[in-house]
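K.L.:
One file is attached below, protein.cif, containing mmCIF, C-alpha atoms.
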data_work
loop_
_atom_site.label_atom_id
_atom_site.label_comp_id
_atom_site.auth_asym_id
_atom_site.auth_seq_id
_atom_site.Cartn_x
_atom_site.Cartn_y
_atom_site.Cartn_z
CA MET A 1 121.52 75.30 112.05
CA ASN A 2 118.35 73.65 110.69
CA ASP A 3 115.85 76.36 111.50
CA THR A 4 117.34 79.04 109.28
CA ILE A 5 116.71 80.92 106.06
CA ARG A 6 117.86 79.52 102.72
CA MET A 7 118.63 81.32 99.47
CA HIS A 8 117.64 80.02 96.03
CA TYR A 9 119.12 81.96 93.13
CA GLU A 10 119.26 79.54 90.21
CA ARG A 11 116.61 81.60 88.38
CA ILE A 12 118.89 84.64 88.41
CA LEU A 13 121.80 82.86 86.68
CA PRO A 14 120.37 83.29 83.16
CA PHE A 15 120.67 87.05 83.72
CA VAL A 16 124.22 87.24 85.17
CA GLU A 17 127.42 85.30 84.57
CA GLU A 18 129.21 83.34 87.27
CA LYS A 19 132.41 85.36 86.72
CA GLU A 20 130.48 88.55 87.50
CA LEU A 21 129.32 87.04 90.78
CA LYS A 22 132.90 86.11 91.66
CA THR A 23 134.06 89.70 91.12
CA LEU A 24 131.19 91.05 93.19
CA HIS A 25 131.82 88.45 95.89
CA ASP A 26 135.29 89.93 96.33
CA GLU A 27 133.72 93.41 96.54
CA ALA A 28 131.22 92.17 99.13
CA LEU A 29 134.01 90.71 101.27
CA GLU A 30 135.80 94.07 101.16
CA ALA A 31 132.57 95.87 102.07
CA ARG A 32 132.03 93.51 105.01
CA LYS A 33 135.64 94.06 106.10
CA THR A 34 135.01 97.82 106.08
CA LEU A 35 131.78 97.37 108.02
CA LEU A 36 133.28 95.15 110.73
CA ALA A 37 136.44 97.27 111.02
CA GLY A 38 134.27 100.33 111.53
CA ASN A 39 136.31 102.54 109.20
CA GLY A 40 133.76 103.25 106.47
CA LYS A 41 131.26 106.02 105.86
CA GLY A 42 128.75 106.43 108.69
CA ASN A 43 130.88 104.45 111.12
CA ASP A 44 129.38 106.30 114.09
CA PHE A 45 126.11 104.43 113.46
CA LEU A 46 127.29 100.83 113.70
CA GLY A 47 125.82 99.97 117.10
CA TRP A 48 123.31 97.61 115.46
CA VAL A 49 126.09 95.27 114.25
CA ASN A 50 126.73 93.80 117.72
CA LEU A 51 123.40 94.77 119.23
CA PRO A 52 121.96 91.25 119.56
CA GLU A 53 124.99 90.28 121.67
CA ASP A 54 125.46 93.58 123.51
CA LEU A 55 121.90 94.34 124.65
CA ASP A 56 121.96 94.67 128.43
CA GLN A 57 119.83 92.21 130.39
CA SER A 58 118.64 95.06 132.60
CA ILE A 59 116.79 96.52 129.60
CA LEU A 60 114.97 93.24 129.01
CA ASP A 61 114.12 93.07 132.72
CA GLN A 62 112.72 96.60 132.61
CA ILE A 63 110.62 95.73 129.57
CA LYS A 64 109.28 92.65 131.35
CA GLY A 65 108.38 94.77 134.38
CA ASP A 66 106.61 97.45 132.34
CA VAL A 67 104.69 94.85 130.36
CA SER A 68 103.57 93.16 133.61
CA ARG A 69 102.44 96.54 134.94
CA LEU A 70 100.72 97.94 131.85
CA ALA A 71 99.33 95.00 129.88
CA PRO A 72 96.68 93.94 132.45
CA LYS A 73 95.11 97.41 132.40
CA SER A 74 95.42 98.09 128.65
CA GLU A 75 93.11 96.87 125.94
CA VAL A 76 95.09 98.97 123.45
CA LEU A 77 98.70 100.13 123.18
CA VAL A 78 99.26 103.24 121.07
CA VAL A 79 102.73 103.36 119.48
CA VAL A 80 103.62 106.94 118.56
CA GLY A 81 106.46 107.16 116.04
CA ILE A 82 107.33 107.47 112.37
CA GLY A 83 109.71 105.61 110.05
CA GLY A 84 112.11 103.41 111.97
CA SER A 85 110.42 104.38 115.23
CA TYR A 86 107.45 102.19 114.43
CA LEU A 87 107.94 100.17 111.22
CA GLY A 88 110.17 97.46 112.74
CA ALA A 89 107.80 96.79 115.63
CA ARG A 90 104.82 96.80 113.29
CA ALA A 91 106.57 94.39 110.92
CA VAL A 92 107.11 91.82 113.69
CA ILE A 93 103.73 92.29 115.39
CA GLU A 94 101.69 92.02 112.21
CA ALA A 95 103.72 89.04 111.01
CA LEU A 96 102.87 87.14 114.20
CA GLN A 97 99.36 88.21 115.12
CA SER A 98 96.06 87.04 113.68
CA GLU A 99 94.73 89.08 110.79
CA PHE A 100 91.63 89.55 112.95
CA ALA A 101 93.38 90.24 116.25
CA MET A 102 91.50 93.44 116.98
CA ILE A 103 88.22 91.52 116.95
CA GLU A 104 89.22 88.27 118.61
CA GLY A 105 92.06 89.43 120.90
CA ASN A 106 94.83 87.33 122.42
CA GLY A 107 94.78 88.50 126.02
CA MET A 108 97.37 91.21 125.36
CA PRO A 109 96.92 94.83 124.25
CA TYR A 110 96.08 95.35 120.61
CA VAL A 111 98.61 97.75 119.06
CA VAL A 112 97.54 100.78 117.05
CA TYR A 113 99.82 103.42 115.58
CA ALA A 114 100.01 107.20 115.64
CA GLY A 115 102.58 109.80 114.67
CA HIS A 116 103.05 108.31 111.21
CA THR A 117 100.44 110.48 109.48
CA LEU A 118 99.02 114.00 109.52
CA SER A 119 95.52 112.87 108.57
CA GLU A 120 92.92 114.66 110.70
CA GLU A 121 90.35 111.98 110.02
CA TYR A 122 92.75 109.30 111.30
CA TYR A 123 93.15 111.05 114.65
CA HIS A 124 89.45 111.71 114.96
CA GLN A 125 88.78 107.99 114.52
CA LEU A 126 91.61 107.03 116.87
CA ILE A 127 90.30 109.29 119.64
CA GLN A 128 86.82 107.83 119.18
CA LEU A 129 88.32 104.36 119.69
CA LEU A 130 90.35 105.41 122.74
CA ASP A 131 87.27 106.99 124.33
CA LYS A 132 85.90 103.44 124.61
CA LYS A 133 89.08 101.49 125.40
CA GLU A 134 91.53 101.27 128.27
CA TYR A 135 94.92 102.12 126.83
CA SER A 136 98.58 102.93 127.40
CA LEU A 137 101.01 104.73 125.15
CA VAL A 138 104.65 104.53 124.08
CA VAL A 139 106.14 107.56 122.35
CA ILE A 140 109.34 106.94 120.35
CA SER A 141 111.50 109.82 119.16
CA LYS A 142 115.13 110.81 119.65
CA SER A 143 114.39 114.51 119.52
CA GLY A 144 110.73 114.77 120.43
CA THR A 145 110.34 117.54 117.86
CA THR A 146 109.70 115.55 114.66
CA THR A 147 106.45 117.08 113.45
CA GLU A 148 104.22 114.03 112.96
CA PRO A 149 104.90 112.21 116.26
CA ALA A 150 105.11 115.50 118.22
CA ILE A 151 101.60 116.45 117.08
CA ALA A 152 100.28 112.96 117.81
CA PHE A 153 101.82 112.86 121.28
CA ARG A 154 100.45 116.27 122.21
CA ILE A 155 96.94 115.23 121.12
CA LEU A 156 97.05 111.84 122.84
CA LYS A 157 98.73 113.08 126.02
CA ALA A 158 95.92 115.62 126.43
CA HIS A 159 93.32 112.92 125.78
CA MET A 160 94.91 110.56 128.28
CA GLU A 161 95.15 113.24 130.98
CA LYS A 162 91.51 114.14 130.47
CA LYS A 163 90.45 110.48 130.60
CA TYR A 164 92.60 109.27 133.50
CA GLY A 165 93.81 112.43 135.23
CA VAL A 166 97.30 113.90 135.04
CA GLU A 167 98.96 111.65 137.62
CA ALA A 168 97.37 108.41 136.41
CA ALA A 169 98.24 109.27 132.81
CA LYS A 170 101.93 109.46 133.73
CA GLU A 171 101.77 105.81 134.79
CA ARG A 172 100.42 104.81 131.36
CA ILE A 173 103.03 106.59 129.23
CA VAL A 174 106.41 105.12 128.24
CA ALA A 175 109.05 107.19 126.42
CA VAL A 176 111.82 105.83 124.19
CA THR A 177 114.23 108.66 123.46
CA ASP A 178 117.73 110.08 123.66
CA ALA A 179 119.79 109.40 126.77
CA ARG A 180 120.74 113.01 127.53
CA ARG A 181 118.93 115.65 125.52
CA GLY A 182 115.94 116.58 123.40
CA ALA A 183 112.38 117.70 124.00
CA LEU A 184 111.03 114.22 124.67
CA HIS A 185 113.91 113.42 127.03
CA ASP A 186 113.10 116.57 129.00
CA ILE A 187 109.35 115.88 129.09
CA ALA A 188 109.93 112.30 130.23
CA GLN A 189 112.25 113.48 133.02
CA GLN A 190 109.83 116.16 134.19
CA GLU A 191 106.79 113.87 134.11
CA GLY A 192 108.51 110.79 135.50
CA TYR A 193 107.64 108.42 132.66
CA SER A 194 109.20 105.00 132.45
CA THR A 195 111.96 105.69 129.93
CA TYR A 196 114.16 103.71 127.54
CA VAL A 197 117.17 104.93 125.59
CA ILE A 198 117.65 104.90 121.84
CA PRO A 199 121.40 104.27 121.50
CA ASP A 200 123.30 107.16 119.90
CA ASN A 201 125.05 104.78 117.50
CA VAL A 202 121.91 103.07 116.15
CA GLY A 203 119.91 104.80 113.41
CA GLY A 204 116.13 104.58 113.39
CA ARG A 205 115.78 102.10 110.55
CA PHE A 206 118.25 99.74 112.30
CA SER A 207 116.62 100.10 115.73
CA VAL A 208 114.03 97.32 115.86
CA LEU A 209 116.22 95.22 118.21
CA THR A 210 116.46 98.10 120.70
CA PRO A 211 113.57 99.13 123.01
CA VAL A 212 112.18 101.01 119.99
CA GLY A 213 110.90 97.66 118.69
CA LEU A 214 111.29 95.34 121.67
CA PHE A 215 108.89 97.15 124.01
CA PRO A 216 105.87 97.22 121.65
CA ILE A 217 106.56 93.65 120.53
CA ALA A 218 106.68 92.44 124.14
CA MET A 219 103.49 94.38 124.95
CA SER A 220 101.80 92.43 122.15
CA GLY A 221 102.66 89.15 123.90
CA TYR A 222 105.52 87.96 121.71
CA ASP A 223 108.83 86.45 122.81
CA ILE A 224 111.56 89.06 122.38
CA ASN A 225 114.19 86.65 123.71
CA ARG A 226 113.52 84.32 120.77
CA LEU A 227 113.59 87.29 118.40
CA LEU A 228 117.01 88.29 119.74
CA GLN A 229 118.27 84.70 119.58
CA GLY A 230 117.40 84.52 115.90
CA ALA A 231 119.31 87.75 115.33
CA LYS A 232 122.29 86.48 117.35
CA ASP A 233 122.50 83.28 115.33
CA MET A 234 122.23 85.13 112.02
CA ARG A 235 124.92 87.56 113.17
CA GLN A 236 127.34 84.65 113.64
CA ILE A 237 126.62 83.48 110.10
CA CYS A 238 127.06 86.96 108.63
CA ILE A 239 130.34 87.86 110.32
CA ASN A 240 132.08 84.46 110.27
CA ASN A 241 131.37 82.95 106.82
CA ASP A 242 133.18 84.14 103.69
CA SER A 243 131.41 81.79 101.28
CA MET A 244 128.29 83.07 99.55
CA GLU A 245 126.80 79.60 99.84
CA GLU A 246 127.12 79.76 103.62
CA ASN A 247 126.45 83.47 104.09
CA PRO A 248 123.04 84.55 102.78
CA ALA A 249 123.66 88.25 103.50
CA LEU A 250 126.76 88.32 101.28
CA LEU A 251 124.91 86.38 98.58
CA TYR A 252 121.92 88.73 98.67
CA ALA A 253 124.15 91.82 98.44
CA VAL A 254 126.07 90.29 95.52
CA LEU A 255 123.01 89.22 93.53
CA ARG A 256 121.09 92.48 93.84
CA ASN A 257 124.18 94.53 92.92
CA ALA A 258 124.92 92.26 89.97
CA LEU A 259 121.42 92.83 88.63
CA TYR A 260 121.55 96.55 89.39
CA ARG A 261 124.64 96.83 87.22
CA LYS A 262 122.68 95.08 84.46
CA GLY A 263 120.11 97.87 84.54
CA ARG A 264 117.64 96.36 87.02
CA LYS A 265 116.84 99.51 88.97
CA VAL A 266 113.78 98.26 90.88
CA GLU A 267 113.63 95.41 93.37
CA MET A 268 110.23 93.97 94.25
CA LEU A 269 110.00 92.14 97.58
CA VAL A 270 107.14 89.70 97.11
CA ASN A 271 105.29 87.62 99.69
CA PHE A 272 102.56 85.02 99.32
CA VAL A 273 101.18 85.42 102.87
CA PRO A 274 99.54 88.75 103.76
CA ASN A 275 100.86 89.01 107.31
CA LEU A 276 104.30 89.85 105.89
CA LYS A 277 103.08 93.13 104.36
CA TYR A 278 104.67 95.31 107.04
CA LEU A 279 107.93 93.39 106.93
CA SER A 280 108.05 94.64 103.34
CA GLU A 281 107.26 98.18 104.51
CA TRP A 282 110.15 98.04 107.00
CA TRP A 283 112.43 96.60 104.29
CA LYS A 284 111.48 99.43 101.93
CA GLN A 285 112.56 102.06 104.43
CA LEU A 286 115.73 100.15 105.30
CA TYR A 287 116.93 99.87 101.70
CA GLY A 288 115.43 103.05 100.27
CA GLU A 289 116.84 105.31 102.97
CA SER A 290 120.18 103.51 103.08
CA GLU A 291 120.94 103.29 99.35
CA GLY A 292 118.93 106.02 97.64
CA LYS A 293 121.44 108.86 97.50
CA GLU A 294 124.04 110.47 95.22
CA GLY A 295 121.91 109.55 92.21
CA LYS A 296 122.33 105.86 92.99
CA GLY A 297 120.36 103.00 94.49
CA ILE A 298 117.84 100.27 93.76
CA LEU A 299 114.25 101.44 94.19
CA PRO A 300 112.57 99.10 96.73
CA HIS A 301 109.00 98.11 95.91
CA SER A 302 106.73 95.43 97.36
CA LEU A 303 103.84 93.27 96.22
CA SER A 304 101.55 90.79 97.98
CA PHE A 305 100.71 87.76 95.87
CA THR A 306 98.50 86.21 94.76
CA THR A 307 96.38 89.33 95.46
CA ASP A 308 98.53 91.72 93.42
CA LEU A 309 98.86 89.26 90.55
CA HIS A 310 95.33 90.39 89.72
CA SER A 311 96.38 94.05 89.60
CA MET A 312 100.13 94.49 89.07
CA GLY A 313 100.76 91.05 87.59
CA GLN A 314 100.26 92.27 84.04
CA TYR A 315 102.99 94.90 84.36
CA VAL A 316 105.42 92.52 86.04
CA GLN A 317 104.88 89.98 83.27
CA ASP A 318 104.90 92.23 80.22
CA GLY A 319 105.96 95.74 81.21
CA GLU A 320 109.34 97.44 80.90
CA ARG A 321 112.16 95.13 82.01
CA LEU A 322 113.54 97.36 84.77
CA MET A 323 112.94 95.11 87.75
CA MET A 324 114.20 92.16 89.73
CA GLU A 325 112.05 90.10 92.09
CA THR A 326 112.88 88.76 95.54
CA VAL A 327 110.31 86.25 96.79
CA LEU A 328 110.00 85.80 100.54
CA SER A 329 108.82 82.19 100.66
CA VAL A 330 107.34 80.56 103.78
CA ALA A 331 107.70 76.77 103.79
CA ASN A 332 105.19 75.87 106.51
CA ALA A 333 101.94 77.39 107.71
CA ARG A 334 101.12 77.48 111.41
CA ASN A 335 97.60 76.10 110.87
CA GLY A 336 95.75 74.02 108.30
CA VAL A 337 92.41 74.46 106.51
CA ASP A 338 90.76 71.73 104.42
CA ILE A 339 88.95 72.35 101.13
CA PRO A 340 85.48 70.75 101.43
CA SER A 341 84.12 68.38 98.79
CA ASP A 342 81.19 69.49 96.63
CA GLU A 343 79.36 66.89 94.54
CA LYS A 344 78.12 69.41 91.99
CA ASN A 345 81.62 70.90 91.52
CA LEU A 346 80.15 73.92 89.73
CA ASP A 347 83.25 75.94 90.59
CA GLY A 348 85.46 73.24 89.07
CA ILE A 349 87.92 72.99 91.96
CA ASN A 350 87.31 69.41 93.13
CA TYR A 351 90.64 68.53 91.52
CA LEU A 352 92.24 70.30 94.49
CA LEU A 353 90.74 67.96 97.09
CA GLY A 354 93.40 66.38 99.26
CA LYS A 355 95.79 69.29 98.76
CA SER A 356 96.45 71.76 101.57
CA LEU A 357 96.08 75.48 100.96
CA THR A 358 99.80 75.78 101.63
CA GLU A 359 100.54 73.29 98.86
CA ILE A 360 98.26 75.20 96.50
CA ASN A 361 99.89 78.48 97.49
CA HIS A 362 103.37 77.04 96.93
CA ASN A 363 102.36 75.94 93.46
CA ALA A 364 100.98 79.40 92.76
CA GLU A 365 104.34 80.76 93.93
CA LEU A 366 106.35 78.38 91.73
CA GLY A 367 104.11 79.01 88.73
CA THR A 368 104.49 82.75 89.20
CA ILE A 369 108.29 82.51 89.45
CA MET A 370 108.43 80.40 86.29
CA ALA A 371 106.21 82.84 84.39
CA HIS A 372 108.14 85.90 85.50
CA VAL A 373 111.52 84.39 84.62
CA GLU A 374 110.15 83.42 81.21
CA GLY A 375 108.93 87.02 80.90
CA GLY A 376 112.43 88.35 81.54
CA VAL A 377 112.35 89.07 85.28
CA PRO A 378 115.20 87.59 87.37
CA VAL A 379 113.87 86.02 90.57
CA LEU A 380 115.67 85.35 93.85
CA ARG A 381 113.87 83.31 96.52
CA ILE A 382 114.47 83.67 100.27
CA GLU A 383 112.95 80.62 101.96
CA VAL A 384 112.09 80.60 105.67
CA PRO A 385 110.82 77.50 107.51
CA GLN A 386 107.91 79.33 109.17
CA VAL A 387 106.99 82.73 110.55
CA ASP A 388 107.86 82.96 114.25
CA GLU A 389 109.93 85.18 116.53
CA TYR A 390 113.17 83.27 115.93
CA VAL A 391 112.90 83.38 112.14
CA LEU A 392 111.89 87.05 112.16
CA GLY A 393 114.97 87.84 114.26
CA GLN A 394 117.07 86.11 111.63
CA LEU A 395 115.40 88.01 108.80
CA ILE A 396 115.82 91.37 110.49
CA TYR A 397 119.54 90.91 111.03
CA PHE A 398 120.03 89.33 107.59
CA PHE A 399 118.39 92.28 105.83
CA GLU A 400 120.27 94.83 107.96
CA PHE A 401 123.67 93.26 107.38
CA ALA A 402 123.08 92.78 103.66
CA CYS A 403 121.90 96.38 103.41
CA ALA A 404 125.10 97.74 104.96
CA VAL A 405 127.28 95.58 102.71
CA SER A 406 125.25 96.50 99.64
CA GLY A 407 125.45 100.21 100.46
CA TYR A 408 129.21 100.10 100.74
CA MET A 409 129.36 98.20 97.44
CA LEU A 410 127.39 101.07 95.88
CA GLY A 411 129.88 103.55 97.32
CA VAL A 412 127.37 105.45 99.47
CA ASN A 413 127.01 106.04 103.19
CA PRO A 414 124.32 103.49 104.19
CA PHE A 415 123.67 105.19 107.52
CA ASP A 416 122.72 108.80 106.73
CA GLN A 417 119.60 110.23 105.13
CA PRO A 418 120.33 113.80 103.97
CA GLY A 419 117.38 113.94 101.59
CA VAL A 420 114.78 113.35 104.30
CA GLU A 421 114.98 116.98 105.47
CA ALA A 422 114.16 118.54 102.09
CA TYR A 423 110.37 118.38 102.33
CA LYS A 424 110.41 119.58 105.95
CA LYS A 425 111.99 122.94 105.07
CA ASN A 426 109.23 123.69 102.57
CA MET A 427 106.52 122.48 104.96
CA PHE A 428 107.86 124.60 107.83
CA ARG A 429 108.04 127.67 105.58
CA LEU A 430 104.47 127.13 104.36
CA LEU A 431 103.22 126.71 107.93
CA GLY A 432 105.07 129.77 109.19
CA LYS A 433 107.45 128.07 111.61
CA PRO A 434 109.81 130.62 113.19
CA GLY A 435 113.12 130.72 111.38
CA TYR A 436 111.69 129.36 108.10
CA GLU A 437 109.79 132.43 106.84
CA LYS A 438 112.01 132.97 103.79
#
I'd like the structure from this file rewritten - as structure tokens, please.

P.N.:
Amino acid sequence: MNDTIRMHYERILPFVEEKELKTLHDEALEARKTLLAGNGKGNDFLGWVNLPEDLDQSILDQIKGDVSRLAPKSEVLVVVGIGGSYLGARAVIEALQSEFAMIEGNGMPYVVYAGHTLSEEYYHQLIQLLDKKEYSLVVISKSGTTTEPAIAFRILKAHMEKKYGVEAAKERIVAVTDARRGALHDIAQQEGYSTYVIPDNVGGRFSVLTPVGLFPIAMSGYDINRLLQGAKDMRQICINNDSMEENPALLYAVLRNALYRKGRKVEMLVNFVPNLKYLSEWWKQLYGESEGKEGKGILPHSLSFTTDLHSMGQYVQDGERLMMETVLSVANARNGVDIPSDEKNLDGINYLLGKSLTEINHNAELGTIMAHVEGGVPVLRIEVPQVDEYVLGQLIYFFEFACAVSGYMLGVNPFDQPGVEAYKKNMFRLLGKPGYEK
């Protein structure tokens, strides 16, 4: 496969020995065996493993039909969800769309997000926008009772019914929820919304290749079939290759665990193109929620270079040596921009004439990697040929598979999240929710 991701780890080797990698490779193979056999911790949440192959064509046909129905009458799509219910879709959409899409448009609805915050000012501004725009809405929640999206949906449902009328609003709302139970399931049945199912055996942070992610991505005008094909092809690599050189997910799991055992407790996912910011946000949830338990786990952090080199670069270069760095490197840009000549050359950059911005950016990337390694930071580089639906599908599955393997290598359940409920109990008690008074 030519159009695939490649791993470069030679700049990690000064920090770990080859024999350590061999030992961890054996551990990774055992972890993968456990994952594929379905006999490890959390084995009731393994639906994502075969999802790219198993997704029913009828679901894709329904998505196509709803997009054809809703997109022509929607300037804006509001995605209501929190955590895995929106981060995967946002990661793909913002990786593919123009940075200025809300201003210039692409003929498809512009996606905005709700249910991920409790900021009153945010909802005031969102309602002001929706007063002026034609919009539709997708609400994503297994239960329908998670506080942040439940509040957002109640506010926006009322706004939509006031703007369009109760019956017309029903035609503009899509629900992605549990197949059989829950508040949102019941509302969707009563109101007659177009409805999609979140599979019982797929956790939220692994759900981007279900309708949770596929519907918003398709509504934005992007090719979900190519996204799924990238995931399918990466799945074949992950499940069929034992060699680290041929299996990037095994290699990634091995390298990050090797460095973790050397005291590198923080992993920075770094990009040099700003449209990958929300891929990093999705990655942070995936790894933080999967590994951060039982007093264990690598803390996921992200930086956008070269921007953050002018803020966090000092700490990365000279601060406490507690981190490793994973660079997400994009080989080719989709478009080119020339640097104009200037006779006076007062800014001193005429020496760059004839070089593309991508070439300059790649040299900034290489120079940064060299500096950080010299400063004592091990650097792994994940190279992708370009940013498109196919490559993003590969990356999603690669990160998911590596995360599961890495979690089993740590000895934790990668598919639960017991600590997420802790803040909610205090919040409910403070707000006076029935049953939480004491």

K.L.:
Tell me which protein, DNA and RNA residues are within 12 Å of Lys424 of chain A, counting all atoms listed in the file, leaving out same-chain ones fewer than 4 positions away, and put them as JSON, numbers by chain.

P.N.:
{"A": [146, 147, 148, 418, 419, 420, 428, 429, 430, 431, 432, 433, 436]}

K.L.:
A:Met219, A:Gly115, A:Lys33, A:Gln417: which is nearest Gly65 of chain A, counting all atoms listed in the file?

P.N.:
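Looking at the shortest contact to Gly65 of chain A, the residue is A:Met219.
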
K.L.:
Run the PyMOL selection byres ((chain A and resi 67) around 10) against the file shown and list the residues it catches, as a list of chain:residue names.

P.N.:
A:Asp61, A:Gln62, A:Ile63, A:Lys64, A:Gly65, A:Asp66, A:Ser68, A:Arg69, A:Leu70, A:Ala71, A:Pro72, A:Ser74, A:Met108, A:Pro109, A:Phe215, A:Pro216, A:Ala218, A:Met219, A:Ser220, A:Gly221

K.L.:
For the residues in the current selection, export C-alpha atoms as an mmCIF file, in the frame of the given file.

P.N.:
data_model
loop_
_atom_site.group_PDB
_atom_site.id
_atom_site.type_symbol
_atom_site.label_atom_id
_atom_site.label_comp_id
_atom_site.auth_asym_id
_atom_site.auth_seq_id
_atom_site.Cartn_x
_atom_site.Cartn_y
_atom_site.Cartn_z
ATOM 1 C CA ASP A 61 114.120 93.070 132.720
ATOM 2 C CA GLN A 62 112.720 96.600 132.610
ATOM 3 C CA ILE A 63 110.620 95.730 129.570
ATOM 4 C CA LYS A 64 109.280 92.650 131.350
ATOM 5 C CA GLY A 65 108.380 94.770 134.380
ATOM 6 C CA ASP A 66 106.610 97.450 132.340
ATOM 7 C CA SER A 68 103.570 93.160 133.610
ATOM 8 C CA ARG A 69 102.440 96.540 134.940
ATOM 9 C CA LEU A 70 100.720 97.940 131.850
ATOM 10 C CA ALA A 71 99.330 95.000 129.880
ATOM 11 C CA PRO A 72 96.680 93.940 132.450
ATOM 12 C CA SER A 74 95.420 98.090 128.650
ATOM 13 C CA MET A 108 97.370 91.210 125.360
ATOM 14 C CA PRO A 109 96.920 94.830 124.250
ATOM 15 C CA PHE A 215 108.890 97.150 124.010
ATOM 16 C CA PRO A 216 105.870 97.220 121.650
ATOM 17 C CA ALA A 218 106.680 92.440 124.140
ATOM 18 C CA MET A 219 103.490 94.380 124.950
ATOM 19 C CA SER A 220 101.800 92.430 122.150
ATOM 20 C CA GLY A 221 102.660 89.150 123.900
#

K.L.:
Determine the residue membership of the PyMOL selection byres ((chain A and resi 35-38) around 12) for the file above and supply it as a VMD selection string.

P.N.:
chain A and resid 28 to 34 39 to 50 201 235 238 to 240 400 to 409 413 to 415

K.L.:
In Å, rounded to a single decimal, give me how far atom CA of Pro149 of chain A is from atom CA of Gly81 of chain A.

P.N.:
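Those two atoms sit 5.3 Å apart.
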
K.L.:
Can you list, as JSON, numbers by chain, the residues that the PyMOL selection byres ((chain A and resi 279) around 12) selects here?

P.N.:
{"A": [84, 86, 87, 88, 89, 90, 91, 92, 93, 94, 95, 96, 208, 269, 270, 271, 273, 274, 275, 276, 277, 278, 280, 281, 282, 283, 284, 285, 286, 302, 303, 304, 328, 387, 392, 393, 395, 396, 399]}

K.L.:
Counting only C-alpha atoms, what is within 10 Å of Thr210 of chain A, bar same-chain residues fewer than 5 positions away, as a list in words?

P.N.:
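In the requested format, the answer is Trp48, Leu51, Pro52, Leu55, Ile59, Leu60, Val176, Tyr196, Val197, Ile198, Pro199, Val202, Gly204, Phe215 and Leu228 of chain A.
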
K.L.:
With all atoms listed in the file as the basis for distance, which of A:Gly411, A:Ala231, A:Ala188, A:Ala183 is at the shortest distance from Ser290 of chain A?

P.N.:
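Checking each of A:Gly411, A:Ala231, A:Ala188, A:Ala183 against Ser290 of chain A, counting all atoms listed in the file, the winner is A:Gly411.
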
K.L.:
So how many Å separate atom CA of Pro378 of chain A and atom CA of Ser243 of chain A, to one decimal?

P.N.:
22.1 Å

K.L.:
Mind giving me the straight-line distance from atom CA of Val76 of chain A to atom CA of Leu156 of chain A in Å, one decimal?

P.N.:
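Taking atom CA of Val76 of chain A as the start and atom CA of Leu156 of chain A as the end point, the length is 13.0 Å.
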
K.L.:
Which polymer residues, protein or nucleic acid, are no farther than 10 Å from (99.4, 104.3, 126.5), counting only C-alpha atoms, as a list of chain:residue names?

P.N.:
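Every residue inside that radius is included here: A:Leu70, A:Ala71, A:Ser74, A:Glu75, A:Val76, A:Leu77, A:Val78, A:Val79, A:Val80, A:Val111, A:Leu130, A:Glu134, A:Tyr135, A:Ser136, A:Leu137, A:Val138, A:Val139, A:Leu156, A:Lys157, A:Met160, A:Ala169, A:Lys170, A:Glu171, A:Arg172, A:Ile173, A:Val174.
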
K.L.:
Do you know which residues are at most 12 Å from Leu255 of chain A counting only C-alpha atoms, after dropping those on the same chain fewer than 5 positions away, and could you put them as a ChimeraX atom specification?

P.N.:
/A:7-13,15-18,20-25,27-28,244,248-250,260-262,264,267,324-326,378-381,402,405-406,409

K.L.:
Return the single residue from A:Tyr351, A:Tyr164, A:Tyr315, A:Tyr252 that is closest to Ile5 of chain A, with distances computed using only C-alpha atoms.

P.N.:
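Checking each of A:Tyr351, A:Tyr164, A:Tyr315, A:Tyr252 against Ile5 of chain A, counting only C-alpha atoms, the winner is A:Tyr252.
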
K.L.:
Using all atoms listed in the file, which residues sit within 12 Å of Met312 of chain A once same-chain residues fewer than 4 positions away are excluded, as a ChimeraX atom specification?

P.N.:
/A:268,270,301-308,316-319

K.L.:
Which residues are near Asn332 of chain A? Cut-off 8 Å, all atoms listed in the file, ignore same chain within fewer than 6 positions. Put them as a PyMOL selection string.

P.N.:
chain A and resi 358+385-386
